[in-house]
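Peer 1: File follows, upload_38.cif with mmCIF, C-alpha atoms:
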data_final
loop_
_atom_site.label_atom_id
_atom_site.label_comp_id
_atom_site.auth_asym_id
_atom_site.auth_seq_id
_atom_site.Cartn_x
_atom_site.Cartn_y
_atom_site.Cartn_z
CA MET A 15 14.54 54.78 3.33
CA LEU A 16 16.41 51.98 1.57
CA THR A 17 17.43 53.20 -1.87
CA LYS A 18 17.23 51.51 -5.25
CA ARG A 19 20.67 50.48 -6.47
CA ILE A 20 22.40 51.20 -9.77
CA VAL A 21 24.88 48.47 -10.65
CA PRO A 22 27.36 48.67 -13.55
CA CYS A 23 28.58 45.25 -14.72
CA LEU A 24 32.09 44.68 -16.08
CA ASP A 25 33.01 41.64 -18.16
CA ILE A 26 36.49 40.41 -17.27
CA LYS A 27 38.71 38.15 -19.34
CA ASP A 28 42.22 37.23 -18.19
CA GLY A 29 42.08 40.04 -15.60
CA ARG A 30 41.13 42.77 -18.09
CA THR A 31 37.79 44.32 -18.97
CA VAL A 32 36.55 43.32 -22.39
CA LYS A 33 34.42 45.18 -24.89
CA GLY A 34 36.14 48.30 -23.62
CA VAL A 35 34.80 51.15 -21.64
CA ASN A 36 34.66 54.61 -23.02
CA PHE A 37 32.85 56.92 -20.65
CA VAL A 38 35.69 59.10 -19.48
CA ASP A 39 39.16 59.93 -20.58
CA LEU A 40 41.04 56.99 -19.12
CA LYS A 41 44.65 56.08 -19.69
CA ASP A 42 43.82 52.40 -19.54
CA ALA A 43 40.18 51.59 -20.19
CA GLY A 44 40.93 47.89 -19.85
CA ASP A 45 42.09 48.03 -16.25
CA PRO A 46 39.18 46.88 -14.07
CA VAL A 47 40.62 48.49 -10.94
CA ILE A 48 40.81 51.96 -12.47
CA LEU A 49 37.31 51.55 -13.85
CA ALA A 50 35.91 50.32 -10.58
CA LYS A 51 37.32 53.33 -8.73
CA GLN A 52 35.94 55.65 -11.38
CA TYR A 53 32.47 54.10 -11.11
CA ALA A 54 32.54 54.34 -7.32
CA GLU A 55 33.34 58.05 -7.61
CA LEU A 56 30.62 58.59 -10.21
CA GLY A 57 27.95 57.28 -7.85
CA ALA A 58 27.55 53.58 -8.67
CA ASP A 59 26.03 51.81 -5.66
CA GLU A 60 27.64 48.44 -6.29
CA LEU A 61 29.67 46.72 -8.97
CA VAL A 62 29.51 43.30 -10.59
CA PHE A 63 32.53 41.66 -12.20
CA LEU A 64 31.72 38.81 -14.49
CA ASP A 65 34.67 36.52 -15.22
CA ILE A 66 34.42 35.12 -18.73
CA SER A 67 37.88 33.51 -18.72
CA ALA A 68 37.76 29.97 -19.96
CA THR A 69 40.57 28.22 -18.09
CA GLN A 70 41.49 27.60 -14.48
CA GLU A 71 44.89 29.34 -14.80
CA LYS A 72 43.20 32.48 -15.99
CA ARG A 73 41.00 32.34 -12.91
CA ARG A 74 44.09 32.89 -10.76
CA THR A 75 44.46 36.21 -12.55
CA MET A 76 40.90 36.90 -11.44
CA HIS A 77 41.89 36.42 -7.80
CA ASP A 78 44.64 39.01 -8.17
CA MET A 79 42.15 41.40 -9.71
CA VAL A 80 39.61 40.87 -6.91
CA LEU A 81 42.33 41.56 -4.35
CA LYS A 82 43.28 44.81 -6.06
CA VAL A 83 39.67 45.95 -6.39
CA ALA A 84 39.04 45.23 -2.71
CA GLU A 85 42.16 47.16 -1.83
CA GLN A 86 41.19 50.28 -3.72
CA VAL A 87 37.40 50.45 -4.03
CA ASN A 88 35.16 51.61 -1.17
CA ILE A 89 31.80 50.26 -2.35
CA PRO A 90 30.55 46.64 -2.39
CA PHE A 91 31.19 44.35 -5.32
CA THR A 92 30.06 40.94 -6.54
CA VAL A 93 32.13 38.46 -8.52
CA GLY A 94 30.54 35.92 -10.85
CA GLY A 95 31.40 33.54 -13.66
CA GLY A 96 32.50 29.92 -13.47
CA ILE A 97 32.01 29.55 -9.72
CA SER A 98 31.08 25.98 -8.92
CA SER A 99 32.27 25.02 -5.44
CA VAL A 100 32.51 26.09 -1.81
CA GLU A 101 36.30 26.37 -2.30
CA ASP A 102 35.87 28.77 -5.24
CA VAL A 103 33.72 31.02 -3.06
CA ASP A 104 36.04 30.76 -0.07
CA ASP A 105 38.95 31.92 -2.27
CA LEU A 106 37.06 34.89 -3.72
CA LEU A 107 35.73 36.06 -0.35
CA HIS A 108 39.22 35.81 1.10
CA CYS A 109 40.46 38.04 -1.71
CA GLY A 110 37.92 40.62 -0.54
CA ALA A 111 34.83 40.07 -2.73
CA ASP A 112 31.64 41.02 -0.86
CA LYS A 113 29.35 38.66 -2.71
CA VAL A 114 29.57 35.93 -5.31
CA SER A 115 27.14 35.17 -8.05
CA ILE A 116 26.48 31.59 -9.09
CA ASN A 117 24.47 30.51 -12.09
CA SER A 118 24.82 27.21 -13.98
CA ALA A 119 26.46 25.46 -11.03
CA ALA A 120 23.36 26.15 -8.93
CA VAL A 121 21.07 24.61 -11.52
CA LYS A 122 23.29 21.56 -11.91
CA ARG A 123 23.60 21.07 -8.16
CA PRO A 124 21.07 23.16 -6.21
CA GLU A 125 22.53 21.99 -2.85
CA LEU A 126 25.43 24.33 -3.56
CA ILE A 127 23.16 27.26 -2.60
CA ASN A 128 22.45 25.65 0.79
CA GLU A 129 26.13 24.91 1.36
CA LEU A 130 27.20 28.45 0.53
CA SER A 131 24.55 30.23 2.58
CA LYS A 132 25.23 27.98 5.55
CA LYS A 133 28.99 28.50 5.40
CA PHE A 134 29.20 32.17 4.41
CA GLY A 135 25.73 33.58 5.11
CA SER A 136 23.01 34.24 2.56
CA GLN A 137 24.02 37.93 2.33
CA CYS A 138 26.91 37.02 0.04
CA VAL A 139 25.11 34.50 -2.17
CA VAL A 140 23.63 35.95 -5.34
CA VAL A 141 21.95 33.47 -7.66
CA ALA A 142 22.01 34.65 -11.26
CA VAL A 143 19.20 33.36 -13.44
CA ASP A 144 19.14 33.71 -17.23
CA ALA A 145 15.71 33.06 -18.65
CA LYS A 146 13.96 33.27 -21.99
CA LYS A 147 10.24 33.59 -22.63
CA ILE A 148 9.18 30.75 -24.91
CA GLY A 149 5.49 30.97 -25.76
CA GLU A 150 3.86 31.88 -22.45
CA GLU A 151 6.57 30.31 -20.26
CA TRP A 152 9.78 31.77 -18.89
CA MET A 153 12.42 29.03 -19.05
CA VAL A 154 15.80 28.99 -17.30
CA HIS A 155 18.85 28.74 -19.59
CA LEU A 156 22.44 27.79 -18.78
CA ALA A 157 25.97 28.62 -19.91
CA GLY A 158 25.35 32.25 -20.74
CA GLY A 159 21.94 31.46 -22.13
CA THR A 160 23.08 28.89 -24.68
CA ILE A 161 21.59 25.76 -23.12
CA PRO A 162 17.84 25.56 -22.47
CA THR A 163 16.50 23.63 -19.47
CA ASP A 164 13.01 22.46 -18.60
CA ILE A 165 13.01 24.53 -15.41
CA GLY A 166 10.49 27.35 -15.10
CA LEU A 167 11.82 30.72 -13.91
CA PHE A 168 9.32 31.29 -11.09
CA LYS A 169 9.56 27.81 -9.66
CA TRP A 170 13.36 28.09 -9.70
CA ALA A 171 13.31 31.55 -8.07
CA LYS A 172 11.20 30.22 -5.21
CA GLU A 173 13.55 27.27 -4.79
CA VAL A 174 16.74 29.36 -4.69
CA GLU A 175 15.14 31.59 -2.05
CA GLU A 176 14.21 28.57 0.06
CA ARG A 177 17.72 27.18 -0.29
CA GLY A 178 19.19 30.38 1.14
CA ALA A 179 20.07 32.75 -1.71
CA GLY A 180 20.35 36.35 -0.52
CA GLU A 181 19.52 37.94 -3.84
CA ILE A 182 18.42 37.04 -7.37
CA LEU A 183 20.06 38.58 -10.44
CA PHE A 184 17.53 38.02 -13.22
CA THR A 185 18.54 38.50 -16.85
CA SER A 186 15.89 38.34 -19.53
CA MET A 187 17.52 36.93 -22.65
CA ASN A 188 14.66 38.32 -24.71
CA HIS A 189 15.61 41.82 -23.61
CA ASP A 190 19.38 41.57 -23.13
CA GLY A 191 21.26 43.65 -25.69
CA THR A 192 18.09 45.12 -27.22
CA LYS A 193 18.20 48.45 -25.35
CA GLY A 194 14.41 48.28 -25.47
CA GLY A 195 13.71 48.20 -21.73
CA PHE A 196 13.72 45.63 -18.93
CA ALA A 197 11.35 42.63 -18.68
CA ASN A 198 9.21 44.43 -16.13
CA GLU A 199 6.26 42.06 -16.11
CA ALA A 200 8.44 39.08 -15.20
CA ILE A 201 10.54 41.17 -12.79
CA GLY A 202 7.39 42.41 -11.01
CA LYS A 203 6.09 38.87 -10.70
CA LEU A 204 9.45 37.71 -9.28
CA SER A 205 9.53 40.59 -6.84
CA ASP A 206 6.06 39.70 -5.52
CA LEU A 207 6.88 36.01 -5.40
CA VAL A 208 10.07 36.01 -3.33
CA ASN A 209 11.07 37.98 -0.25
CA ILE A 210 14.70 38.62 -1.25
CA PRO A 211 15.98 41.49 -3.40
CA ILE A 212 15.74 41.25 -7.20
CA ILE A 213 18.39 42.77 -9.46
CA ALA A 214 16.93 43.47 -12.90
CA SER A 215 19.22 42.91 -15.87
CA GLY A 216 18.90 42.98 -19.64
CA GLY A 217 17.45 45.67 -21.85
CA ALA A 218 18.61 49.01 -20.41
CA GLY A 219 18.71 51.66 -23.10
CA THR A 220 17.30 54.89 -21.64
CA LYS A 221 16.86 56.53 -18.25
CA GLN A 222 13.12 55.92 -18.54
CA HIS A 223 13.81 52.17 -18.70
CA PHE A 224 15.33 52.36 -15.22
CA VAL A 225 12.38 54.41 -13.94
CA ASP A 226 10.04 51.75 -15.33
CA THR A 227 11.85 48.76 -13.88
CA PHE A 228 11.81 50.30 -10.40
CA MET A 229 8.19 51.49 -10.65
CA PHE A 230 6.52 48.70 -12.59
CA GLY A 231 9.05 45.90 -12.14
CA LYS A 232 9.46 46.69 -8.43
CA ALA A 233 13.14 45.81 -8.85
CA ASP A 234 15.47 46.49 -5.94
CA ALA A 235 18.47 47.14 -8.14
CA ALA A 236 19.15 47.50 -11.86
CA LEU A 237 22.23 46.24 -13.63
CA ALA A 238 23.56 47.37 -16.99
CA ALA A 239 26.81 47.37 -18.93
CA SER A 240 27.15 49.18 -22.23
CA VAL A 241 24.93 52.18 -21.46
CA PHE A 242 27.26 52.99 -18.60
CA HIS A 243 30.54 51.99 -20.23
CA PHE A 244 30.00 54.20 -23.25
CA GLY A 245 28.70 57.14 -21.29
CA GLU A 246 25.30 56.94 -22.94
CA ILE A 247 23.71 57.25 -19.52
CA PRO A 248 25.81 59.08 -16.92
CA ILE A 249 25.06 57.56 -13.52
CA LEU A 250 24.54 60.90 -11.77
CA GLU A 251 22.02 62.07 -14.40
CA LEU A 252 20.25 58.74 -14.17
CA LYS A 253 19.94 59.01 -10.41
CA GLN A 254 18.65 62.58 -10.66
CA GLU A 255 16.01 61.42 -13.11
CA LEU A 256 15.00 58.57 -10.78
CA LYS A 257 14.74 61.05 -7.90
CA ARG A 258 12.51 63.34 -10.02
CA ASN A 259 10.23 60.36 -10.46
CA GLY A 260 9.94 59.84 -6.73
CA ILE A 261 12.33 56.88 -6.63
CA GLU A 262 14.65 56.83 -3.63
CA VAL A 263 18.32 56.88 -4.65
CA ARG A 264 21.65 57.72 -3.04
CA LEU A 265 22.83 61.06 -4.40
CA MET B 29 48.64 53.72 16.38
CA ASP B 30 48.21 50.17 17.62
CA LEU B 31 45.03 49.08 15.87
CA LYS B 32 43.82 45.50 16.27
CA ILE B 33 41.01 43.52 14.67
CA VAL B 34 39.63 40.74 16.84
CA ASN B 35 40.14 37.46 15.01
CA TYR B 36 37.64 34.78 15.99
CA GLY B 37 37.14 33.27 12.56
CA ALA B 38 33.89 35.09 11.87
CA GLY B 39 33.71 36.24 8.32
CA ASN B 40 35.84 38.15 5.92
CA ILE B 41 37.84 41.02 7.38
CA LYS B 42 39.93 41.84 4.33
CA SER B 43 37.73 44.80 3.40
CA ILE B 44 38.14 46.34 6.86
CA GLN B 45 41.92 45.99 6.68
CA PHE B 46 41.96 47.52 3.21
CA ALA B 47 39.75 50.42 4.32
CA PHE B 48 42.19 51.32 7.12
CA GLN B 49 45.08 50.85 4.72
CA ARG B 50 43.49 53.46 2.42
CA LEU B 51 43.42 55.80 5.42
CA GLY B 52 47.09 55.09 6.08
CA TYR B 53 46.72 52.74 9.06
CA ASP B 54 47.74 49.16 9.53
CA ALA B 55 45.00 47.12 11.21
CA VAL B 56 46.40 43.85 12.51
CA LEU B 57 44.29 40.73 12.88
CA THR B 58 44.83 38.90 16.16
CA ALA B 59 43.25 36.50 18.64
CA ASP B 60 45.93 37.07 21.27
CA PRO B 61 44.28 38.50 24.43
CA GLU B 62 47.47 40.32 25.47
CA ALA B 63 47.75 42.05 22.10
CA ILE B 64 44.09 43.05 22.19
CA LEU B 65 44.39 44.42 25.75
CA ARG B 66 47.42 46.51 24.78
CA ALA B 67 45.92 47.98 21.58
CA ASP B 68 44.96 51.67 21.31
CA LYS B 69 41.82 50.83 19.38
CA VAL B 70 39.98 47.57 18.78
CA ILE B 71 37.72 46.55 15.90
CA PHE B 72 35.24 43.75 16.57
CA PRO B 73 34.03 42.56 13.15
CA GLY B 74 31.61 39.84 12.20
CA VAL B 75 29.75 38.38 9.28
CA GLY B 76 27.79 35.18 9.46
CA GLU B 77 25.51 33.47 11.94
CA ALA B 78 25.24 34.71 15.54
CA SER B 79 25.15 31.49 17.58
CA SER B 80 28.18 29.97 15.87
CA ALA B 81 30.07 33.28 16.11
CA MET B 82 29.28 33.43 19.84
CA ARG B 83 30.48 29.84 20.25
CA LYS B 84 33.80 30.77 18.64
CA LEU B 85 34.15 33.75 20.98
CA LYS B 86 33.57 31.51 23.99
CA GLU B 87 36.05 28.88 22.82
CA SER B 88 38.80 31.50 22.76
CA GLY B 89 37.74 33.26 25.97
CA LEU B 90 37.22 36.48 24.02
CA ASP B 91 33.64 36.67 25.32
CA THR B 92 34.95 37.67 28.75
CA LEU B 93 37.84 39.78 27.46
CA ILE B 94 35.90 42.12 25.16
CA PRO B 95 33.48 43.56 27.77
CA GLU B 96 36.47 44.39 30.00
CA LEU B 97 38.34 46.45 27.42
CA LYS B 98 38.94 50.09 28.34
CA GLN B 99 40.06 51.53 25.00
CA PRO B 100 37.62 52.49 22.21
CA VAL B 101 36.08 49.37 20.65
CA LEU B 102 34.07 49.41 17.41
CA GLY B 103 31.75 46.51 16.65
CA ILE B 104 30.70 46.22 13.02
CA CYS B 105 27.55 44.45 11.75
CA LEU B 106 27.33 41.08 13.54
CA GLY B 107 30.05 42.36 15.90
CA MET B 108 27.67 45.09 17.04
CA GLN B 109 24.78 42.62 17.38
CA LEU B 110 26.87 40.31 19.57
CA MET B 111 27.57 43.27 21.88
CA CYS B 112 23.82 43.51 22.65
CA LYS B 113 22.00 41.56 25.38
CA SER B 114 20.64 38.86 23.10
CA THR B 115 19.80 38.03 19.52
CA GLU B 116 16.93 36.06 18.05
CA GLU B 117 19.37 34.53 15.58
CA GLY B 118 20.02 31.05 16.95
CA ASP B 119 18.43 32.26 20.23
CA THR B 120 21.80 33.54 21.41
CA LYS B 121 22.85 35.41 24.54
CA GLY B 122 25.14 38.33 23.70
CA LEU B 123 27.94 40.14 25.54
CA GLY B 124 25.46 42.55 27.19
CA ILE B 125 27.47 45.70 26.49
CA PHE B 126 24.55 47.48 24.85
CA ASP B 127 21.23 47.54 26.65
CA THR B 128 19.09 46.27 23.79
CA ASP B 129 18.03 43.09 22.01
CA VAL B 130 18.42 41.99 18.42
CA LYS B 131 15.31 40.91 16.50
CA ARG B 132 14.60 39.64 12.99
CA PHE B 133 12.84 41.82 10.42
CA SER B 134 9.39 40.46 9.63
CA ASN B 135 8.47 39.16 6.21
CA GLU B 136 6.53 42.38 5.54
CA VAL B 137 9.82 43.65 4.05
CA LYS B 138 12.48 41.98 1.95
CA VAL B 139 15.02 40.18 4.11
CA PRO B 140 17.97 40.76 4.16
CA GLN B 141 17.84 44.52 3.94
CA MET B 142 20.51 45.02 1.32
CA GLY B 143 21.83 48.34 0.08
CA TRP B 144 22.17 51.99 1.01
CA ASN B 145 19.96 53.54 3.66
CA THR B 146 20.16 56.77 5.67
CA VAL B 147 21.43 57.27 9.20
CA THR B 148 19.56 59.91 11.22
CA ASN B 149 19.41 61.24 14.80
CA LEU B 150 23.22 61.26 14.78
CA ASN B 151 24.43 61.84 18.29
CA SER B 152 28.11 61.02 18.82
CA ASN B 153 31.63 62.10 17.93
CA LEU B 154 31.73 58.93 15.87
CA PHE B 155 29.59 60.85 13.35
CA LYS B 156 31.65 64.04 13.40
CA SER B 157 31.49 65.80 9.98
CA ILE B 158 28.87 63.31 8.79
CA ALA B 159 25.59 64.86 7.69
CA GLU B 160 22.21 63.91 9.11
CA GLY B 161 20.65 61.59 6.54
CA ALA B 162 23.97 60.38 5.08
CA TYR B 163 23.87 57.03 3.26
CA MET B 164 25.55 53.91 4.60
CA TYR B 165 25.74 50.41 3.14
CA LEU B 166 23.82 47.76 5.06
CA VAL B 167 23.33 44.02 4.68
CA HIS B 168 21.43 42.37 7.50
CA SER B 169 18.38 40.32 8.47
CA TYR B 170 18.43 41.19 12.18
CA TYR B 171 18.34 44.63 13.82
CA ALA B 172 19.01 46.13 17.26
CA GLU B 173 15.86 47.49 18.87
CA ASN B 174 15.84 51.21 19.40
CA CYS B 175 17.05 52.20 22.87
CA ASN B 176 18.51 55.15 24.76
CA GLN B 177 22.07 54.14 23.79
CA ASN B 178 21.41 54.73 20.11
CA ILE B 179 23.67 57.26 18.36
CA ALA B 180 22.03 56.76 14.95
CA THR B 181 18.76 55.32 13.74
CA THR B 182 17.65 53.89 10.41
CA ASP B 183 14.20 53.13 9.02
CA TYR B 184 13.44 49.74 7.52
CA GLU B 185 10.06 48.34 8.45
CA LEU B 186 10.54 50.27 11.69
CA GLU B 187 13.00 52.68 13.27
CA TYR B 188 15.90 50.75 14.74
CA ALA B 189 19.29 51.53 16.29
CA SER B 190 21.84 51.49 13.47
CA ALA B 191 24.63 52.65 15.78
CA LEU B 192 25.11 52.34 19.55
CA GLU B 193 27.44 53.79 22.16
CA ASN B 194 28.11 52.90 25.79
CA ASP B 195 31.24 54.38 27.43
CA ASN B 196 34.20 53.23 25.31
CA PHE B 197 32.08 50.83 23.26
CA PHE B 198 30.68 51.70 19.84
CA GLY B 199 28.72 49.58 17.41
CA VAL B 200 27.52 50.15 13.87
CA GLN B 201 25.09 47.97 11.94
CA PHE B 202 26.25 49.31 8.56
CA HIS B 203 29.57 48.59 6.89
CA PRO B 204 31.71 51.76 7.07
CA GLU B 205 34.43 49.95 5.10
CA LYS B 206 32.01 49.68 2.16
CA SER B 207 30.16 52.97 2.54
CA GLY B 208 32.25 55.17 0.28
CA LYS B 209 33.75 58.40 1.57
CA VAL B 210 31.18 58.77 4.36
CA GLY B 211 32.18 55.39 5.75
CA GLU B 212 35.84 56.31 5.59
CA GLN B 213 35.05 59.50 7.53
CA LEU B 214 33.44 57.39 10.26
CA LEU B 215 36.48 55.11 10.50
CA MET B 216 38.71 58.17 10.69
CA ASN B 217 36.50 59.57 13.48
CA PHE B 218 36.87 56.32 15.38
CA LEU B 219 40.64 56.52 15.10
CA GLU B 220 40.52 60.06 16.47
CA LEU B 221 38.37 59.25 19.51
#
When written as structure tokens, how does the structure in this file appear?
Peer 2:
Amino acid sequence: MLTKRIVPCLDIKDGRTVKGVNFVDLKDAGDPVILAKQYAELGADELVFLDISATQEKRRTMHDMVLKVAEQVNIPFTVGGGISSVEDVDDLLHCGADKVSINSAAVKRPELINELSKKFGSQCVVVAVDAKKIGEEWMVHLAGGTIPTDIGLFKWAKEVEERGAGEILFTSMNHDGTKGGFANEAIGKLSDLVNIPIIASGGAGTKQHFVDTFMFGKADAALAASVFHFGEIPILELKQELKRNGIEVRL
Amino acid sequence: MDLKIVNYGAGNIKSIQFAFQRLGYDAVLTADPEAILRADKVIFPGVGEASSAMRKLKESGLDTLIPELKQPVLGICLGMQLMCKSTEEGDTKGLGIFDTDVKRFSNEVKVPQMGWNTVTNLNSNLFKSIAEGAYMYLVHSYYAENCNQNIATTDYELEYASALENDNFFGVQFHPEKSGKVGEQLLMNFLEL
């Protein structure tokens, strides 16, 4: 049976992980390659690298990092952050990334999703969607959640699927950073609405939160950062807990 | 060992090269028929859309070369699918090496299947030292129908052939280069065939 995926996310700036990682005794906790290998060995199913570098020159550093990760890590990984053209994606895939994640660029020019899925196949196109619940409506936000749009989450999700996205990475801004659990109601609605996998993001704080997002949110994968980086939730223990709850995982 | 990866412009092969590099082998990318004929082992990769991949194979004459190879050949993902009789993707005729057809998953399940799933009914030296029910990483919307050439099956909507074997030809639907240690074991097994 296809398993649910556990996906640690690493923020990268100028080729180094930021905010630090502190889950094992590492010589260099800022080196994304060392961390990626460590996560692969600890049982992560996939990895996401989010490039938060501001300038184009720094993005070159990102290419070197992607190349090194691909060289040394034997599980799939996605690269996101600042990707806005077919050329950007071509470069990253050539460096060995398995998938790319696009966000604001897709909202600004939705045709980009069609272009990417046509050229590279939908399997490598992840559309990341940041949304915030305002009143009764979930609204899409841009630029790391700083800029609101008038686009509704569910309408947008349907559109990205139709345009050829292979996966949706949904982050609830209401839940992100709270450690109070995932936005399972919205995730469940998304999962019923579209026929492509949904990666739940934002709100992970306990093992039970992961159980809930797979059971009630019907998520296909769950992404988190700090709970993994600081060893608050060891991946193996998390997967054992999921298994105890009847959720299929790779152990 | 002379290990060649067939280069016909279909998809990203960096990960496959890196995986062999981790095992201590240099896998060289080439479209040269002579070089492919001479190789000890041949990898036939593929990511992307079937009809355009098949067109590229035909343009370079590789569509007639590959079925005639005598050394062990390993098709991966779309490579494996193109080695079947036909695929529903772009209504494409395949190389006919494996006696089965490739169909699309229905919309009863999420498409593509993306993630780790088990391989069972393992029945080949390609799976030497790999446990029944081991996990492999898969990303695909189309599957090879179960047939008597299967050497592994996987369940997603239905039981399908996730690996095939016919004489010197092998095909795997999953990505061994991305399937952790188990995948590396499979690549090592292929090199030892």
Peer 1: Looking at only C-alpha atoms, which of A:Val114, A:Val225, A:Ala235, A:Leu81 is the one that sits closest to Gly260 of chain A?
Peer 2: A:Val225
Peer 1: Starting from the displayed file, determine the output of the PyMOL selection byres ((chain B) within 10 of (chain A)) and express the residue list as a PyMOL selection string.
Peer 2: chain B and resi 38-50+75-77+135-147+161-169+182-185+203-212
Peer 1: Given all atoms listed in the file as the basis, pick out the residue of B:Lys156, B:Phe218, B:Lys113, B:Pro95 nearest to Asp68 of chain B.
Peer 2: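 For Asp68 of chain B, the nearest of the candidates is B:Phe218.
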Peer 1: In Å, how far is it from atom CA of Glu193 of chain B to atom CA of Asp60 of chain B?
Peer 2: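 One can read the atom CA of Glu193 of chain B to atom CA of Asp60 of chain B distance as 24.9 Å.
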Peer 1: Applying 9 Å and all atoms listed in the file, which residues near Glu246 of chain A remain after dropping the ones on its own chain fewer than 5 positions away? List them as a PyMOL selection string.
Peer 2: chain A and resi 37+219-220+240-241
Peer 1: Just the residues within 10 Å of segment 148-163 of chain A, please, counting only C-alpha atoms, with nothing from its chain fewer than 4 positions along; format it as a PDB file with C-alpha atoms, in the frame of the given file.
Peer 2:
ATOM      1  CA  ILE A  66      34.420  35.120 -18.730  1.00  0.00           C
ATOM      2  CA  GLY A  95      31.400  33.540 -13.660  1.00  0.00           C
ATOM      3  CA  GLY A  96      32.500  29.920 -13.470  1.00  0.00           C
ATOM      4  CA  ASN A 117      24.470  30.510 -12.090  1.00  0.00           C
ATOM      5  CA  SER A 118      24.820  27.210 -13.980  1.00  0.00           C
ATOM      6  CA  ALA A 119      26.460  25.460 -11.030  1.00  0.00           C
ATOM      7  CA  VAL A 121      21.070  24.610 -11.520  1.00  0.00           C
ATOM      8  CA  LYS A 122      23.290  21.560 -11.910  1.00  0.00           C
ATOM      9  CA  VAL A 143      19.200  33.360 -13.440  1.00  0.00           C
ATOM     10  CA  ASP A 144      19.140  33.710 -17.230  1.00  0.00           C
ATOM     11  CA  LEU A 167      11.820  30.720 -13.910  1.00  0.00           C
ATOM     12  CA  PHE A 168       9.320  31.290 -11.090  1.00  0.00           C
ATOM     13  CA  LYS A 169       9.560  27.810  -9.660  1.00  0.00           C
ATOM     14  CA  TRP A 170      13.360  28.090  -9.700  1.00  0.00           C
ATOM     15  CA  ALA A 171      13.310  31.550  -8.070  1.00  0.00           C
ATOM     16  CA  THR A 185      18.540  38.500 -16.850  1.00  0.00           C
ATOM     17  CA  SER A 186      15.890  38.340 -19.530  1.00  0.00           C
ATOM     18  CA  MET A 187      17.520  36.930 -22.650  1.00  0.00           C
ATOM     19  CA  ASN A 188      14.660  38.320 -24.710  1.00  0.00           C
ATOM     20  CA  ALA A 200       8.440  39.080 -15.200  1.00  0.00           C
TER      21      ALA A 200
END
Peer 1: Evaluate the PyMOL selection byres ((chain B and resi 219) around 10) against this structure - the residues, as an NGL selection string, please.
Peer 2: :B and (29 or 31 or 48 or 53 or 68-70 or 100 or 102 or 154 or 213-218 or 220-221)
Peer 1: Go ahead and compute the interatomic distance for atom CA of Tyr53 of chain A and atom CA of Gly245 of chain A, in Å to one decimal.
Peer 2: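 Atom CA of Gly245 of chain A lies at a distance of 11.3 Å from atom CA of Tyr53 of chain A.
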Peer 1: Quick one: which residues end up in the PyMOL selection byres ((chain A and resi 229) around 12) for this structure, as a count of residues only?
Peer 2: 27
Peer 1: Can you take the partial segment 106-117 of chain B, add N, CA and C atoms, and return it as a PDB file, in the coordinates of the input?
Peer 2:
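Now in out23.pdb:
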ATOM      1  N   LEU B 106      27.583  42.123  12.551  1.00  0.00           N
ATOM      2  CA  LEU B 106      27.330  41.080  13.540  1.00  0.00           C
ATOM      3  C   LEU B 106      28.108  41.351  14.832  1.00  0.00           C
ATOM      4  N   GLY B 107      29.273  41.980  14.707  1.00  0.00           N
ATOM      5  CA  GLY B 107      30.050  42.360  15.900  1.00  0.00           C
ATOM      6  C   GLY B 107      29.213  43.222  16.829  1.00  0.00           C
ATOM      7  N   MET B 108      28.545  44.225  16.252  1.00  0.00           N
ATOM      8  CA  MET B 108      27.670  45.090  17.040  1.00  0.00           C
ATOM      9  C   MET B 108      26.527  44.285  17.667  1.00  0.00           C
ATOM     10  N   GLN B 109      25.929  43.411  16.870  1.00  0.00           N
ATOM     11  CA  GLN B 109      24.780  42.620  17.380  1.00  0.00           C
ATOM     12  C   GLN B 109      25.192  41.740  18.555  1.00  0.00           C
ATOM     13  N   LEU B 110      26.401  41.173  18.482  1.00  0.00           N
ATOM     14  CA  LEU B 110      26.870  40.310  19.570  1.00  0.00           C
ATOM     15  C   LEU B 110      27.156  41.104  20.839  1.00  0.00           C
ATOM     16  N   MET B 111      27.326  42.416  20.709  1.00  0.00           N
ATOM     17  CA  MET B 111      27.570  43.270  21.880  1.00  0.00           C
ATOM     18  C   MET B 111      26.263  43.624  22.602  1.00  0.00           C
ATOM     19  N   CYS B 112      25.122  43.233  22.016  1.00  0.00           N
ATOM     20  CA  CYS B 112      23.820  43.510  22.650  1.00  0.00           C
ATOM     21  C   CYS B 112      23.518  42.406  23.672  1.00  0.00           C
ATOM     22  N   LYS B 113      22.331  42.522  24.333  1.00  0.00           N
ATOM     23  CA  LYS B 113      22.000  41.560  25.380  1.00  0.00           C
ATOM     24  C   LYS B 113      21.733  40.164  24.821  1.00  0.00           C
ATOM     25  N   SER B 114      20.983  40.155  23.687  1.00  0.00           N
ATOM     26  CA  SER B 114      20.640  38.860  23.100  1.00  0.00           C
ATOM     27  C   SER B 114      20.281  39.054  21.644  1.00  0.00           C
ATOM     28  N   THR B 115      20.283  37.963  20.901  1.00  0.00           N
ATOM     29  CA  THR B 115      19.800  38.030  19.520  1.00  0.00           C
ATOM     30  C   THR B 115      18.900  36.838  19.224  1.00  0.00           C
ATOM     31  N   GLU B 116      17.862  37.120  18.447  1.00  0.00           N
ATOM     32  CA  GLU B 116      16.930  36.060  18.050  1.00  0.00           C
ATOM     33  C   GLU B 116      17.595  35.034  17.143  1.00  0.00           C
ATOM     34  N   GLU B 117      18.697  35.446  16.515  1.00  0.00           N
ATOM     35  CA  GLU B 117      19.370  34.530  15.580  1.00  0.00           C
ATOM     36  C   GLU B 117      20.027  33.395  16.378  1.00  0.00           C
TER      37      GLU B 117
END
